[in-house]
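Everything below concerns the one structure shown next.
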Amino acid sequence: MPVARAPGRVNLIGDHTDYQDGWCLPMAIDREIAIEFAPAGTAPASSDPFVTAVCERFPSARFEMTVTSTLPEQAGLSSSAAYSIALLLAASHSAHMPLAGRELALAAQAVEHRATGVPCGVMDQMASVFGRAGHALLLDCRSLGVTPVPVPEGIDVLVVHSGVKRRLAGSAYADRRAACEAAAARLGVPALRDATLAQVADDPVARHVVSENGRVLAFVDALRANDLPRCGQLMNESHASLRDDFAVSVPELDALVERLTARGALGARLTGAGFGGCVVALVPNDRTRAITAELPNRHWVVRASDGASVS
Ligand code: GLA
């Protein structure tokens, strides 16, 4: 029986930039949702809003399915994006109208908007679709261009759960997104991607987005030059900006960032929307064991992996 697979993602740097046409640097990870599917007489019967939204898009799809997952839920590792992509792959193949690439990512974003009501950007879906083993993905969220950037040998990407379920994530996310749109409108630019730091100096929310875009591009330069201390410093600055300017951190995430950097991580930051969920850290791999051994929190050393597929 065919199996549709879609990985989760972790974002190394560039949060709350995607819905302002900006830059981000996620990677697909070695944790996924898999859906085994087979032809059937009817569409899958389910009260699950994701299934409903996917069946609306492919009304002629007739299949039954079994869903399995190695991706923790509610951790901010994009299990909902992975789920909607795997569902769309199963439905589109069953309907003999296979979706792939950007079309698949955009369809999954639309499913998530419909199923959850949260006006998410497209980073999570692009990362899950375009993942490449051993690489992070520089996403240009205006052109939807994808540039794979090798993750150097010698470092581990460590994801640590703060223990805080994401609080008010939906409404606070929508509020931040609206504040960014209002700032862009005030400046008369299509999106904050087009604003300069000088233009947003007095607006902390917009200042985060503009400065974060700069950090993403600087991080990619540093990664290519194998300047890992600089990468770590940019991650720490990103966290400070998300905490102080964009106000999406919580004390548990701040404490975790401090703990990890104090114990030898090169840098650490909240990853994803914030308001709880996970921190991502870059750790020289000879320090990973010592750092994780004494961590009481749930954590995962993740590897950059290939994107969604049907096989
Ligand atoms: C969530 C959204 C993404 C992105 C991040 C913040 O993960 O789904 O589109 O906006 O938050 O960077």
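How things are named: the first chain in the structure tokens is A, the next is B, and so on; residues count from 1 in each chain; ligands count from 1 in the order shown.
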
For chain A against ligand 1, with a cut-off of 7 Å and counting only C-alpha atoms and all ligand atoms, what is the closest atom pair and its distance in Å to one decimal for every residue that makes the cut, ordered by chain and number, as CSV?
```
residue,atom,partner,partner_atom_place_in_ligand_line,distance
A:Gly14,CA,ligand 1,12 (O),6.3
A:Asp15,CA,ligand 1,12 (O),3.2
A:His16,CA,ligand 1,12 (O),3.8
A:Thr17,CA,ligand 1,12 (O),6.0
A:Asp18,CA,ligand 1,10 (O),5.5
A:Tyr19,CA,ligand 1,10 (O),6.1
A:Gly76,CA,ligand 1,7 (O),6.7
A:Ser78,CA,ligand 1,7 (O),6.6
A:Cys120,CA,ligand 1,9 (O),4.3
A:Gly121,CA,ligand 1,9 (O),3.2
A:Val122,CA,ligand 1,9 (O),4.9
A:Met123,CA,ligand 1,9 (O),4.9
A:Asp124,CA,ligand 1,3 (C),5.7
A:Gly272,CA,ligand 1,7 (O),4.3
A:Ala273,CA,ligand 1,11 (O),3.5
```

Discussion item. Please list as a list in words every residue within 12 Å of Asp203 (chain A), counting only C-alpha atoms and excluding residues in the same chain fewer than 6 positions away.
Written reply: Ala179, Cys180, Ala182, Ala183, Ala184, Arg186, Leu187, Leu192, Ala195, Thr196, Leu197, Val209, Val210, Ser211, Asp244, Asp245 and Phe246 of chain A

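With CA of Gly274 (chain A) on one side and CA of Asn226 (chain A) on the other, the separation reads 27.9 Å.
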
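Neighbouring residues of Asn11 (chain A) at 8 Å or closer, counting only C-alpha atoms and skipping chain neighbours under 6 positions away, are Cys24, Leu25, Pro26, Met27, Thr271, Gly272 and Val280 of chain A.
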
Discussion item. Env of region 105-118 of chain A: 12 Å cut, atoms = only C-alpha atoms, seq-sep filter 5 positions within chain, self excluded. Answer as a VMD selection string.
Written reply: chain A and resid 6 19 47 to 58 78 to 89 91 to 92 98 to 100 123 to 131 141 144 168 to 178 273 307 to 308

Practice prompt. Skip region 147-153 of chain A itself and residues of its chain fewer than 5 positions away, then list as a list in words all residues within 7 Å of it, counting only C-alpha atoms.
Written response: Gly134, His135, Ala136, Leu137, Leu138, Leu139 and Asn226 of chain A
